[in-house]
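Source file: query-v7.cif. Holds: mmCIF, C-alpha atoms.
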data_work
loop_
_atom_site.label_atom_id
_atom_site.label_comp_id
_atom_site.auth_asym_id
_atom_site.auth_seq_id
_atom_site.Cartn_x
_atom_site.Cartn_y
_atom_site.Cartn_z
CA MET A 1 2.17 22.74 6.25
CA TYR A 2 3.93 19.70 7.68
CA ASP A 3 7.61 19.49 8.58
CA SER A 4 7.71 15.92 9.92
CA PHE A 5 6.15 12.46 9.64
CA ARG A 6 3.56 11.56 12.29
CA PRO A 7 2.80 7.84 11.80
CA GLY A 8 -0.81 6.82 12.35
CA GLN A 9 -2.14 10.37 12.50
CA VAL A 10 -4.52 11.84 9.92
CA TRP A 11 -2.49 13.08 6.94
CA LEU A 12 -4.01 15.84 4.80
CA ASP A 13 -2.98 17.08 1.36
CA THR A 14 -2.16 20.71 0.57
CA GLU A 15 -5.88 21.43 0.11
CA GLY A 16 -6.76 20.06 3.56
CA LYS A 17 -8.29 16.77 2.35
CA ARG A 18 -7.38 13.26 3.45
CA ILE A 19 -4.71 11.74 1.24
CA GLN A 20 -6.19 8.86 -0.77
CA ALA A 21 -3.22 6.86 -2.07
CA HIS A 22 -3.71 3.50 -0.40
CA GLY A 23 -1.88 0.28 -1.20
CA GLY A 24 0.37 2.41 -3.36
CA SER A 25 3.99 3.40 -3.90
CA VAL A 26 6.32 6.38 -4.11
CA ILE A 27 8.45 7.00 -7.19
CA TYR A 28 11.07 9.73 -7.76
CA VAL A 29 11.05 11.31 -11.23
CA ASP A 30 13.00 14.41 -12.35
CA GLY A 31 13.50 15.76 -8.85
CA ILE A 32 9.90 15.23 -7.70
CA TYR A 33 8.35 12.53 -5.54
CA TYR A 34 5.08 11.04 -6.77
CA TRP A 35 2.82 9.09 -4.43
CA TYR A 36 0.02 7.14 -6.04
CA GLY A 37 -2.47 4.56 -4.84
CA GLU A 38 -6.04 3.40 -4.44
CA ASN A 39 -8.59 6.19 -4.14
CA LYS A 40 -10.85 5.12 -1.26
CA GLU A 41 -12.78 8.36 -0.83
CA PHE A 42 -16.09 6.61 -1.65
CA THR A 43 -15.30 3.29 0.04
CA ASP A 44 -17.28 3.95 3.21
CA GLY A 45 -18.81 0.49 3.67
CA THR A 46 -22.28 1.52 2.47
CA ASN A 47 -21.82 0.83 -1.26
CA ASP A 48 -20.10 -1.53 -3.70
CA VAL A 49 -17.15 0.76 -4.46
CA TRP A 50 -13.85 -0.92 -3.61
CA THR A 51 -11.51 1.54 -5.34
CA TYR A 52 -12.54 4.61 -7.36
CA GLY A 53 -9.55 5.05 -9.63
CA ILE A 54 -5.89 5.68 -8.84
CA ARG A 55 -5.04 9.08 -7.38
CA PHE A 56 -1.65 10.77 -7.73
CA TYR A 57 0.12 13.29 -5.49
CA ARG A 58 3.44 15.09 -5.82
CA SER A 59 5.85 16.59 -3.31
CA ASN A 60 9.29 18.11 -3.00
CA ASP A 61 9.75 17.36 0.69
CA LEU A 62 7.78 14.10 1.32
CA TYR A 63 5.66 15.85 3.96
CA ASN A 64 3.34 18.07 1.94
CA TRP A 65 1.50 16.48 -0.98
CA GLU A 66 -0.33 18.22 -3.82
CA ASP A 67 -3.33 16.33 -5.21
CA LEU A 68 -3.00 15.73 -8.96
CA GLY A 69 -6.39 14.04 -9.15
CA LEU A 70 -7.41 10.70 -10.63
CA VAL A 71 -4.58 10.22 -13.11
CA ILE A 72 -5.99 6.72 -13.76
CA PRO A 73 -9.76 7.32 -13.49
CA PRO A 74 -12.40 4.61 -13.02
CA ASP A 75 -14.30 3.36 -16.06
CA THR A 76 -17.93 3.90 -15.10
CA GLU A 77 -19.27 3.23 -18.60
CA ASP A 78 -17.94 -0.26 -19.35
CA GLU A 79 -19.22 -2.81 -16.81
CA ASN A 80 -16.65 -5.34 -18.05
CA SER A 81 -13.65 -3.03 -17.68
CA PRO A 82 -11.10 -3.96 -15.01
CA LEU A 83 -11.28 -0.28 -13.99
CA ASN A 84 -15.04 -0.41 -13.32
CA PRO A 85 -15.45 0.70 -9.68
CA THR A 86 -18.40 -1.55 -8.73
CA ASN A 87 -17.98 -4.75 -10.76
CA CYS A 88 -14.22 -5.09 -10.17
CA MET A 89 -12.00 -4.46 -7.18
CA LEU A 90 -8.70 -2.79 -8.10
CA ASP A 91 -5.72 -3.22 -5.77
CA ARG A 92 -1.98 -2.60 -5.49
CA PRO A 93 -0.97 -0.29 -8.36
CA HIS A 94 2.77 -0.50 -9.09
CA ILE A 95 4.56 1.64 -11.67
CA ILE A 96 8.03 1.17 -13.14
CA TYR A 97 9.82 2.89 -16.04
CA ASN A 98 10.68 0.76 -19.06
CA GLU A 99 13.88 2.24 -20.52
CA ARG A 100 13.56 0.22 -23.71
CA THR A 101 10.08 1.47 -24.62
CA GLU A 102 10.49 4.80 -22.77
CA LYS A 103 7.10 4.31 -21.16
CA TYR A 104 5.80 4.14 -17.62
CA VAL A 105 4.15 0.78 -16.99
CA CYS A 106 1.46 0.36 -14.34
CA TRP A 107 0.37 -3.10 -13.17
CA VAL A 108 -2.73 -3.52 -11.02
CA LYS A 109 -4.39 -6.47 -9.32
CA ILE A 110 -8.05 -6.96 -10.20
CA MET A 111 -10.36 -8.98 -7.96
CA HIS A 112 -13.57 -10.23 -9.53
CA LYS A 113 -16.76 -10.80 -7.58
CA GLU A 114 -17.02 -14.41 -8.73
CA GLY A 115 -13.80 -15.08 -6.83
CA HIS A 116 -10.80 -15.13 -9.19
CA GLN A 117 -8.06 -12.52 -9.44
CA ASP A 118 -5.96 -11.38 -12.37
CA GLU A 119 -3.74 -8.51 -13.49
CA ALA A 120 -4.15 -5.56 -15.85
CA VAL A 121 -1.48 -3.35 -17.42
CA LEU A 122 -1.56 0.31 -18.42
CA THR A 123 1.15 2.44 -20.02
CA ALA A 124 1.90 6.15 -20.36
CA ASP A 125 4.58 8.39 -21.84
CA LYS A 126 4.74 10.48 -18.65
CA ILE A 127 4.47 9.49 -15.00
CA THR A 128 1.38 11.69 -14.72
CA GLY A 129 -0.31 10.03 -17.69
CA PRO A 130 -2.58 9.75 -19.51
CA TYR A 131 -2.51 5.97 -19.02
CA THR A 132 -3.90 3.55 -21.59
CA LEU A 133 -5.14 0.06 -20.77
CA VAL A 134 -3.04 -2.28 -22.94
CA ASN A 135 -3.61 -5.73 -21.39
CA GLN A 136 -6.01 -7.37 -18.97
CA GLY A 137 -7.07 -10.74 -17.62
CA ILE A 138 -3.46 -11.82 -17.05
CA ARG A 139 -3.31 -15.01 -14.97
CA PRO A 140 0.25 -16.37 -14.68
CA LEU A 141 0.28 -20.12 -15.29
CA GLY A 142 -3.50 -19.94 -15.40
CA MET A 143 -3.71 -19.18 -11.68
CA SER A 144 -5.36 -16.34 -9.83
CA ALA A 145 -2.92 -13.49 -9.35
CA GLY A 146 -2.85 -12.01 -5.85
CA ASP A 147 -0.73 -9.33 -4.20
CA PHE A 148 2.50 -8.67 -6.06
CA ASP A 149 5.47 -6.36 -6.51
CA LEU A 150 7.60 -5.23 -9.46
CA ALA A 151 11.37 -4.87 -10.02
CA VAL A 152 13.72 -3.82 -13.21
CA ALA A 153 16.45 -6.39 -12.29
CA ASP A 154 19.05 -8.96 -13.57
CA THR A 155 17.57 -11.71 -11.47
CA TRP A 156 14.60 -12.20 -9.18
CA HIS A 157 15.52 -15.69 -8.01
CA GLY A 158 17.65 -14.98 -4.97
CA PRO A 159 19.10 -16.62 -3.05
CA TYR A 160 17.17 -15.09 -0.16
CA ARG A 161 17.73 -15.38 3.58
CA VAL A 162 15.13 -15.20 6.33
CA LEU A 163 16.35 -12.57 8.81
CA GLY A 164 13.45 -12.59 11.27
CA ASN A 165 10.89 -10.16 12.61
CA PRO A 166 11.74 -6.51 11.82
CA HIS A 167 9.21 -5.28 14.43
CA PRO A 168 10.40 -6.85 17.73
CA GLU A 169 9.02 -3.90 19.73
CA ASP A 170 5.49 -4.40 18.40
CA ALA A 171 3.61 -6.36 21.07
CA SER A 172 0.53 -6.58 18.85
CA HIS A 173 2.41 -8.51 16.13
CA THR A 174 0.60 -6.46 13.49
CA SER A 175 3.44 -4.31 12.10
CA PHE A 176 2.13 -1.51 14.31
CA HIS A 177 -1.43 -2.11 13.05
CA SER A 178 -0.44 -1.51 9.45
CA GLN A 179 0.25 -3.21 6.11
CA ILE A 180 3.40 -2.20 4.23
CA SER A 181 2.77 -1.49 0.56
CA CYS A 182 6.18 -0.20 -0.55
CA ILE A 183 9.71 0.66 0.51
CA PHE A 184 11.54 3.54 -1.16
CA LYS A 185 14.87 5.34 -0.83
CA VAL A 186 15.01 9.00 0.15
CA GLU A 187 17.10 10.90 -2.37
CA GLY A 188 20.09 12.73 -0.95
CA THR A 189 20.59 10.33 1.95
CA LYS A 190 23.20 7.61 2.23
CA ASP A 191 20.87 4.70 2.85
CA LEU A 192 17.58 5.95 4.31
CA TYR A 193 14.71 3.77 3.19
CA ILE A 194 11.14 4.37 4.29
CA ALA A 195 8.56 1.64 4.80
CA ALA A 196 5.23 3.10 3.72
CA ALA A 197 2.16 1.33 5.11
CA ASP A 198 -1.59 1.67 5.39
CA ARG A 199 -3.44 1.51 8.69
CA TRP A 200 -6.69 0.22 7.22
CA CYS A 201 -8.68 0.00 10.45
CA PRO A 202 -7.71 2.87 12.76
CA ASP A 203 -10.97 2.38 14.67
CA CYS A 204 -10.26 -1.32 15.38
CA MET A 205 -6.91 -1.11 17.13
CA ASP A 206 -8.51 -2.23 20.39
CA LEU A 207 -9.18 -5.69 18.95
CA ASP A 208 -6.74 -8.38 20.01
CA TYR A 209 -4.42 -9.77 17.33
CA GLU A 210 -5.32 -13.32 18.27
CA PHE A 211 -8.93 -12.53 17.42
CA TYR A 212 -7.93 -11.33 13.96
CA ALA A 213 -5.78 -14.40 13.41
CA LYS A 214 -8.43 -16.93 14.38
CA VAL A 215 -11.18 -15.24 12.41
CA TYR A 216 -9.21 -15.03 9.20
CA ASP A 217 -7.80 -18.52 9.59
CA LYS A 218 -11.34 -19.89 9.69
CA LEU A 219 -12.51 -17.67 6.84
CA PHE A 220 -9.81 -19.02 4.55
CA SER A 221 -9.54 -22.63 5.70
CA GLY A 222 -12.63 -23.41 7.79
CA THR A 223 -15.74 -25.33 6.84
CA GLU A 224 -18.72 -23.57 5.32
CA GLU A 225 -20.53 -23.92 8.65
CA GLU A 226 -17.61 -22.25 10.47
CA LYS A 227 -17.44 -19.45 7.90
CA SER A 228 -21.18 -18.84 8.21
CA ARG A 229 -20.98 -18.74 12.00
CA ILE A 230 -18.10 -16.24 11.89
CA ARG A 231 -19.98 -13.92 9.54
CA GLN A 232 -22.85 -13.83 12.01
CA MET A 233 -20.63 -12.75 14.89
CA PRO A 234 -21.26 -9.11 15.89
CA GLU A 235 -17.49 -8.59 16.19
CA PHE A 236 -16.99 -9.65 12.57
CA SER A 237 -18.81 -6.62 11.22
CA ARG A 238 -15.99 -4.46 12.56
CA ILE A 239 -13.33 -6.16 10.45
CA ASP A 240 -15.33 -7.41 7.47
CA ASP A 241 -13.41 -6.32 4.35
CA MET A 242 -16.53 -5.61 2.31
CA GLY A 243 -18.12 -3.57 5.08
CA ARG A 244 -15.10 -1.52 6.09
CA ASN A 245 -14.97 2.24 5.88
CA THR A 246 -11.47 2.47 4.39
CA SER A 247 -11.98 6.10 3.39
CA ILE A 248 -10.67 6.91 6.89
CA ALA A 249 -7.60 4.66 6.63
CA ASP A 250 -4.39 6.32 7.83
CA TYR A 251 -0.72 5.87 6.96
CA VAL A 252 2.29 4.64 8.89
CA TRP A 253 5.63 5.73 7.41
CA LEU A 254 8.70 4.63 9.36
CA PRO A 255 12.47 4.55 8.70
CA ILE A 256 14.27 1.27 8.13
CA ARG A 257 17.29 0.66 10.35
CA PHE A 258 20.06 -1.58 9.01
CA VAL A 259 22.37 -3.57 11.31
CA GLU A 260 25.56 -4.93 9.80
CA ALA A 261 26.64 -8.51 10.43
CA CYS A 262 27.79 -8.97 14.03
CA GLU A 263 27.85 -11.62 16.75
CA GLU A 264 24.18 -11.08 17.62
CA TYR A 265 23.08 -10.86 13.99
CA PRO A 266 25.59 -12.91 11.95
CA GLN A 267 23.63 -12.31 8.73
CA GLY A 268 22.87 -8.67 9.47
CA MET A 269 19.37 -7.42 10.23
CA VAL A 270 16.80 -4.76 9.39
CA PHE A 271 14.46 -3.15 11.88
CA ILE A 272 11.44 -0.90 11.64
CA ASP A 273 11.15 1.00 14.91
CA TRP A 274 8.10 2.95 16.02
CA LYS A 275 8.43 6.73 16.17
CA ASP A 276 5.63 9.10 17.15
CA GLU A 277 7.24 11.79 15.01
CA TRP A 278 10.38 11.95 12.88
CA ARG A 279 12.10 13.86 10.05
CA TRP A 280 14.06 12.40 7.14
CA GLN A 281 16.47 15.36 7.30
CA ASP A 282 17.85 13.95 10.54
CA TYR A 283 19.26 11.02 8.54
CA VAL A 284 21.16 13.04 5.95
CA GLY A 285 24.84 12.07 6.02
CA LYS A 286 24.29 9.11 8.32
#
Now, as a test, write the supplied structure out as structure tokens.
Amino acid sequence: MYDSFRPGQVWLDTEGKRIQAHGGSVIYVDGIYYWYGENKEFTDGTNDVWTYGIRFYRSNDLYNWEDLGLVIPPDTEDENSPLNPTNCMLDRPHIIYNERTEKYVCWVKIMHKEGHQDEAVLTADKITGPYTLVNQGIRPLGMSAGDFDLAVADTWHGPYRVLGNPHPEDASHTSFHSQISCIFKVEGTKDLYIAAADRWCPDCMDLDYEFYAKVYDKLFSGTEEEKSRIRQMPEFSRIDDMGRNTSIADYVWLPIRFVEACEEYPQGMVFIDWKDEWRWQDYVGK
């Protein structure tokens, strides 16, 4: 049993297994938290499995999570299905509730091996499913669809303001070696929001950020000769997406600190500070 968050440490479910809810989100429904995300249990770098379905967990306290299984299972029969675990690469499940249709709507990003990306949509009457695939191959304006987020909102057009780096204490400039996938509010608190992130490469934290930056800059914008040379580098095998063992990826959950407008921060500011261990109960009433 857990009674606190311990960012970056191995997090086990109530059965003692690694939690597999990567690139996912947390949603609060009828007094229960549900955490869902990419199931990476078979993504060990030795096969073609990118994501093996979407796994769900539930919790009353945000620390201890019960495995509900693959609520959105992979489609191993249909090679052309966006849910096929070897021919397609599923990423970033996001679920919102549609009050008009009274259904839960799940959008996922699908990467295809020939290079393009699109979106697929599933719906369910309950948060725990079953989910039915209702649309696929969605490419807004005919373009590949990459990472995304969802909101039930009056407007999504801003205006927005750039506030700056929320991780000024992070000397590595890597958001504490993590990638934030969602931000959610803790029920019963005044304004405690948690940034939930994946630490995809816990065994590569010794690599310098500048190395990451240069490698990926060349992979996306370099010449074919430069890309080929990078892929032959022995260091590249440690960070190659397709060769990564993401079944051992950990999680970094940290509280968001809000600073109201003041002389130093005239537009206000948000910070995400590192904590080795923390409890959401300490923020109740603050």
Tell me, as a PDB file with C-alpha atoms, in the coordinates of the input, which residues lie within 10 Å of Arg229 (chain A), counting all atoms listed in the file; anything in the same chain fewer than 6 positions away does not count.
ATOM      1  CA  LYS A 218     -11.340 -19.890   9.690  1.00  0.00           C
ATOM      2  CA  LEU A 219     -12.510 -17.670   6.840  1.00  0.00           C
ATOM      3  CA  THR A 223     -15.740 -25.330   6.840  1.00  0.00           C
ATOM      4  CA  PHE A 236     -16.990  -9.650  12.570  1.00  0.00           C
TER       5      PHE A 236
END
Please evaluate the PyMOL selection byres ((chain A and resi 118-130) around 9) against the structure above and give the resulting residues as a PyMOL selection string. chain A and resi 29+34+56+68+71-72+82+95+97+102-112+116-117+131-140+143-146
Shell of 9 Å around Glu187 (chain A), all atoms listed in the file, local chain residues under 4 positions omitted, as a VMD selection string: chain A and resid 28 31 191 to 192
Written as a ChimeraX atom specification, what is the full residue list that the PyMOL selection byres ((chain A and resi 49) around 12) yields on the file shown? /A:38-48,50-53,74,76,83-90,113,241-247
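Nearest-residue note for Leu207 (chain A): choosing from A:Ser4, A:Ser172, A:Gln179, A:Ser221, the minimum distance belongs to A:Ser172, counting all atoms listed in the file.
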Name the closest residue to Ile272 (chain A) among the candidates A:Val259, A:Pro166, A:Phe184, A:Gln232; distances are taken between atoms, counting only C-alpha atoms. A:Pro166
Quick one: residues within 8 Å of Ile183 (chain A), all atoms listed in the file, excluding same-chain residues fewer than 5 positions away - as a ChimeraX atom specification? /A:25,193-196
Separation of CA of Gln20 (chain A) and CA of Tyr251 (chain A), in Å? 9.9 Å
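Distances to Tyr2 (chain A) were evaluated for A:Ala21, A:Leu62, A:Asp78, A:Arg55 using all atoms listed in the file, and the minimum falls at A:Leu62.
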For this structure, which residues satisfy the selection - the PyMOL selection byres ((chain A and resi 60) around 6) - when it is evaluated on the file as given? I want them as a ChimeraX atom specification. /A:32,59,61
Min atom-atom distance to Phe271 (chain A) from the set A:Glu226, A:Tyr212, A:Leu163, A:Arg238, counting only C-alpha atoms, belongs to A:Leu163
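When all atoms listed in the file are used to measure the gap to Tyr33 (chain A), the shortest distance among A:Val186, A:Ala261, A:Ile19, A:Ala151 belongs to A:Val186.
Coordinates place CA of Ser178 (chain A) at a distance of 15.5 Å from CA of Glu210 (chain A).
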Is there a way to complete region 179-199 of chain A with N, CA, C and O atoms and then write that out as a compact mmCIF listing (two decimals), in the coordinates of the input?
# COMPACT_ATOMS: atom_id res chain seq x y z
N GLN A 179 -0.14 -2.30 7.18
CA GLN A 179 0.25 -3.21 6.11
C GLN A 179 1.16 -2.46 5.15
O GLN A 179 0.73 -1.51 4.49
N ILE A 180 2.42 -2.88 5.07
CA ILE A 180 3.40 -2.20 4.23
C ILE A 180 3.08 -2.44 2.76
O ILE A 180 2.86 -3.58 2.34
N SER A 181 3.05 -1.36 1.99
CA SER A 181 2.77 -1.49 0.56
C SER A 181 3.99 -1.19 -0.30
O SER A 181 4.07 -1.63 -1.44
N CYS A 182 4.96 -0.44 0.23
CA CYS A 182 6.18 -0.20 -0.55
C CYS A 182 7.30 0.26 0.37
O CYS A 182 7.07 0.70 1.50
N ILE A 183 8.51 0.13 -0.15
CA ILE A 183 9.71 0.66 0.51
C ILE A 183 10.47 1.47 -0.53
O ILE A 183 10.68 1.00 -1.66
N PHE A 184 10.85 2.69 -0.19
CA PHE A 184 11.54 3.54 -1.16
C PHE A 184 12.70 4.27 -0.50
O PHE A 184 12.70 4.50 0.71
N LYS A 185 13.68 4.63 -1.32
CA LYS A 185 14.87 5.34 -0.83
C LYS A 185 14.65 6.84 -0.90
O LYS A 185 14.09 7.35 -1.87
N VAL A 186 15.09 7.55 0.12
CA VAL A 186 15.01 9.00 0.15
C VAL A 186 16.23 9.56 -0.56
O VAL A 186 17.37 9.28 -0.16
N GLU A 187 16.00 10.32 -1.61
CA GLU A 187 17.10 10.90 -2.37
C GLU A 187 17.91 11.86 -1.51
O GLU A 187 17.36 12.58 -0.68
N GLY A 188 19.22 11.84 -1.70
CA GLY A 188 20.09 12.73 -0.95
C GLY A 188 20.56 12.18 0.37
O GLY A 188 21.30 12.85 1.09
N THR A 189 20.13 10.98 0.72
CA THR A 189 20.59 10.33 1.95
C THR A 189 21.46 9.14 1.57
O THR A 189 21.37 8.60 0.47
N LYS A 190 22.29 8.71 2.51
CA LYS A 190 23.20 7.61 2.23
C LYS A 190 22.44 6.31 2.03
O LYS A 190 22.62 5.62 1.02
N ASP A 191 21.62 5.95 2.98
CA ASP A 191 20.87 4.70 2.85
C ASP A 191 19.58 4.74 3.67
O ASP A 191 19.22 3.76 4.33
N LEU A 192 18.86 5.88 3.62
CA LEU A 192 17.58 5.95 4.31
C LEU A 192 16.48 5.42 3.41
O LEU A 192 16.20 5.97 2.35
N TYR A 193 15.86 4.34 3.86
CA TYR A 193 14.71 3.77 3.19
C TYR A 193 13.50 3.90 4.11
O TYR A 193 13.62 3.72 5.33
N ILE A 194 12.37 4.21 3.53
CA ILE A 194 11.14 4.37 4.29
C ILE A 194 10.18 3.24 3.95
O ILE A 194 9.96 2.93 2.77
N ALA A 195 9.62 2.62 4.98
CA ALA A 195 8.56 1.64 4.80
C ALA A 195 7.24 2.38 4.89
O ALA A 195 6.91 2.96 5.94
N ALA A 196 6.51 2.40 3.79
CA ALA A 196 5.23 3.10 3.72
C ALA A 196 4.09 2.09 3.86
O ALA A 196 4.02 1.13 3.09
N ALA A 197 3.22 2.31 4.82
CA ALA A 197 2.16 1.33 5.11
C ALA A 197 0.82 2.01 5.30
O ALA A 197 0.73 3.21 5.60
N ASP A 198 -0.23 1.22 5.13
CA ASP A 198 -1.59 1.67 5.39
C ASP A 198 -2.05 1.14 6.74
O ASP A 198 -1.80 -0.02 7.07
N ARG A 199 -2.72 1.97 7.50
CA ARG A 199 -3.44 1.51 8.69
C ARG A 199 -4.91 1.49 8.31
O ARG A 199 -5.61 2.49 8.42
